[in-house]
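A short write-up of the structure that comes next.
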Amino acid sequence: QQQQQQYQQQGMDTGLHQGMESMEQMHSEAMKEVFDVGNMERAIRVVIGAFALAVGLSWEKAFHASLTVVVDNNEYMGKHYVQAQIAIALINSVIILPPWLKYIVPNAKKTAKQHQAVIEMAEKQASKQVKK
């Protein structure tokens, strides 16, 4: 019976050792994935997207508040509340949408490599101007 207990103990020790080794291997693989540049870039883009959503909602709230103030303080617009809000929103869109489509959207679609290329080109141009 004592020998049987020793075998069981050795079996438990071996099982525990194998379990620890497999956990260390899983931890090692997980850490490789965590520090993978592709995963980090995706994670950063998710965070940027979340901040962009927060900024967009803040802008929408600010525009809505300003529209309400303008419409409420104008006698004519106050009588035609919905039409005035629509007209002002359209005017804002006509003013804001073209520059946004021309400057913001193309830059937002660039990859990290494309941004780096633009930075390097700007640095080269700056160094050429300094030399003159």
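Chain labels follow the order of the structure tokens: the first chain is A, the next B, and so on; residue numbering restarts at 1 in every chain, and ligands are counted from 1 in their shown order.
Near A:Ala112, within 12 Å and counting only C-alpha atoms, sit Val37, Gly38, Glu41, Arg42, Ile44, Arg45, Asn107, Ala108, Lys109, Lys110, Gln114, His115, Gln116, Ala117, Val118 and Ile119 of chain A, not including residues fewer than 2 positions from it in the same chain.
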Restricting it to all heavy atoms, dump the selection as a short mmCIF file (atom, residue, chain, number, x, y, z; two decimals), in the first residue's frame.
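Wrote result20.cif, looks like this:
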data_model
loop_
_atom_site.label_atom_id
_atom_site.label_comp_id
_atom_site.auth_asym_id
_atom_site.auth_seq_id
_atom_site.Cartn_x
_atom_site.Cartn_y
_atom_site.Cartn_z
N VAL A 37 3.27 43.17 -33.39
CA VAL A 37 3.04 44.52 -33.89
C VAL A 37 1.67 44.64 -34.56
O VAL A 37 0.97 45.64 -34.39
CB VAL A 37 4.17 44.93 -34.87
CG1 VAL A 37 3.89 46.28 -35.48
CG2 VAL A 37 5.50 44.95 -34.14
N GLY A 38 1.27 43.62 -35.30
CA GLY A 38 -0.03 43.66 -35.97
C GLY A 38 -1.17 43.75 -34.98
O GLY A 38 -2.11 44.53 -35.17
N GLU A 41 -1.17 47.27 -33.44
CA GLU A 41 -1.71 48.27 -34.36
C GLU A 41 -3.24 48.18 -34.39
O GLU A 41 -3.92 49.20 -34.37
CB GLU A 41 -1.14 48.08 -35.76
CG GLU A 41 -1.59 49.16 -36.72
CD GLU A 41 -0.91 49.10 -38.07
OE1 GLU A 41 0.13 48.45 -38.19
OE2 GLU A 41 -1.45 49.70 -39.01
N ARG A 42 -3.76 46.96 -34.43
CA ARG A 42 -5.22 46.80 -34.42
C ARG A 42 -5.82 47.34 -33.13
O ARG A 42 -6.85 48.01 -33.14
CB ARG A 42 -5.60 45.33 -34.62
CG ARG A 42 -5.48 44.86 -36.06
CD ARG A 42 -6.12 43.50 -36.27
NE ARG A 42 -5.41 42.43 -35.57
CZ ARG A 42 -4.37 41.78 -36.05
NH1 ARG A 42 -3.90 42.07 -37.24
NH2 ARG A 42 -3.79 40.82 -35.34
N ILE A 44 -4.58 49.67 -31.17
CA ILE A 44 -4.48 51.13 -31.18
C ILE A 44 -5.57 51.72 -32.07
O ILE A 44 -6.19 52.73 -31.73
CB ILE A 44 -3.07 51.57 -31.62
CG1 ILE A 44 -2.07 51.23 -30.51
CG2 ILE A 44 -3.03 53.05 -31.95
CD1 ILE A 44 -0.63 51.39 -30.92
N ARG A 45 -5.82 51.10 -33.21
CA ARG A 45 -6.87 51.59 -34.10
C ARG A 45 -8.25 51.50 -33.44
O ARG A 45 -9.09 52.37 -33.64
CB ARG A 45 -6.85 50.85 -35.43
CG ARG A 45 -5.67 51.24 -36.29
CD ARG A 45 -5.85 50.82 -37.73
NE ARG A 45 -4.73 51.23 -38.52
CZ ARG A 45 -4.64 52.41 -39.14
NH1 ARG A 45 -5.61 53.28 -39.03
NH2 ARG A 45 -3.58 52.71 -39.85
N ASN A 107 -6.44 61.33 -45.03
CA ASN A 107 -5.42 61.08 -44.00
C ASN A 107 -5.84 59.96 -43.06
O ASN A 107 -5.00 59.21 -42.58
CB ASN A 107 -5.13 62.36 -43.21
CG ASN A 107 -4.22 63.29 -43.96
OD1 ASN A 107 -3.31 62.85 -44.64
ND2 ASN A 107 -4.48 64.58 -43.86
N ALA A 108 -7.11 59.86 -42.79
CA ALA A 108 -7.60 58.80 -41.90
C ALA A 108 -7.47 57.42 -42.53
O ALA A 108 -7.34 56.42 -41.83
CB ALA A 108 -9.05 59.07 -41.53
N LYS A 109 -7.47 57.37 -43.86
CA LYS A 109 -7.38 56.08 -44.55
C LYS A 109 -5.94 55.60 -44.75
O LYS A 109 -5.72 54.47 -45.17
CB LYS A 109 -8.09 56.17 -45.90
CG LYS A 109 -9.59 56.24 -45.78
CD LYS A 109 -10.25 56.23 -47.13
CE LYS A 109 -11.76 56.21 -47.00
NZ LYS A 109 -12.40 56.15 -48.32
N LYS A 110 -4.96 56.44 -44.44
CA LYS A 110 -3.57 56.06 -44.62
C LYS A 110 -3.15 55.02 -43.59
O LYS A 110 -3.62 55.02 -42.46
CB LYS A 110 -2.65 57.27 -44.48
CG LYS A 110 -2.72 58.24 -45.62
CD LYS A 110 -1.76 59.39 -45.40
CE LYS A 110 -1.85 60.39 -46.52
NZ LYS A 110 -0.99 61.55 -46.25
N GLN A 114 2.36 54.63 -44.67
CA GLN A 114 2.13 55.83 -45.49
C GLN A 114 2.36 57.10 -44.66
O GLN A 114 2.94 58.07 -45.15
CB GLN A 114 0.72 55.81 -46.07
CG GLN A 114 0.52 54.74 -47.12
CD GLN A 114 -0.93 54.58 -47.52
OE1 GLN A 114 -1.84 54.75 -46.71
NE2 GLN A 114 -1.16 54.24 -48.78
N HIS A 115 1.90 57.11 -43.41
CA HIS A 115 2.15 58.27 -42.54
C HIS A 115 3.65 58.45 -42.31
O HIS A 115 4.15 59.57 -42.34
CB HIS A 115 1.44 58.10 -41.19
CG HIS A 115 -0.02 58.41 -41.22
ND1 HIS A 115 -0.50 59.68 -41.42
CD2 HIS A 115 -1.11 57.61 -41.10
CE1 HIS A 115 -1.82 59.66 -41.40
NE2 HIS A 115 -2.21 58.41 -41.22
N GLN A 116 4.35 57.34 -42.11
CA GLN A 116 5.80 57.42 -41.90
C GLN A 116 6.50 57.97 -43.13
O GLN A 116 7.43 58.77 -43.02
CB GLN A 116 6.36 56.03 -41.55
CG GLN A 116 7.81 56.04 -41.14
CD GLN A 116 8.06 56.86 -39.89
OE1 GLN A 116 7.26 56.85 -38.97
NE2 GLN A 116 9.16 57.58 -39.87
N ALA A 117 6.04 57.58 -44.33
CA ALA A 117 6.64 58.09 -45.57
C ALA A 117 6.42 59.60 -45.68
O ALA A 117 7.33 60.33 -46.09
CB ALA A 117 6.03 57.38 -46.77
N VAL A 118 5.25 60.09 -45.30
CA VAL A 118 4.97 61.52 -45.34
C VAL A 118 5.87 62.26 -44.35
O VAL A 118 6.41 63.33 -44.66
CB VAL A 118 3.47 61.79 -45.04
CG1 VAL A 118 3.21 63.26 -44.82
CG2 VAL A 118 2.61 61.25 -46.16
N ILE A 119 6.05 61.69 -43.17
CA ILE A 119 6.91 62.32 -42.15
C ILE A 119 8.35 62.40 -42.66
O ILE A 119 9.00 63.45 -42.53
CB ILE A 119 6.83 61.53 -40.83
CG1 ILE A 119 5.46 61.69 -40.19
CG2 ILE A 119 7.94 61.96 -39.87
CD1 ILE A 119 5.20 60.75 -39.03
#
request  = Extract, using only C-alpha atoms, all DNA, RNA and protein residues at most 8 Å from stretch 59-74 of chain A, discarding same-chain residues fewer than 5 positions from it, and format them as a PyMOL selection string.
outcome  = chain A and resi 81+84-85+88-89
Kindly export the residues of the current selection with N, CA, C and O atoms, as a compact mmCIF listing (two decimals), in the first residue's frame.
# COMPACT_ATOMS: atom_id res chain seq x y z
N TYR A 81 -39.60 76.22 -36.36
CA TYR A 81 -38.50 75.58 -35.64
C TYR A 81 -37.83 74.47 -36.46
O TYR A 81 -36.62 74.46 -36.63
N ALA A 84 -36.12 75.71 -39.71
CA ALA A 84 -34.92 76.48 -39.40
C ALA A 84 -33.77 75.55 -39.00
O ALA A 84 -32.63 75.75 -39.44
N GLN A 85 -34.07 74.55 -38.20
CA GLN A 85 -33.02 73.60 -37.81
C GLN A 85 -32.47 72.86 -39.03
O GLN A 85 -31.26 72.69 -39.16
N ILE A 88 -30.26 75.36 -41.15
CA ILE A 88 -28.96 75.63 -40.53
C ILE A 88 -28.07 74.39 -40.60
O ILE A 88 -26.86 74.49 -40.86
N ALA A 89 -28.64 73.22 -40.39
CA ALA A 89 -27.86 71.98 -40.48
C ALA A 89 -27.33 71.79 -41.90
O ALA A 89 -26.17 71.38 -42.08
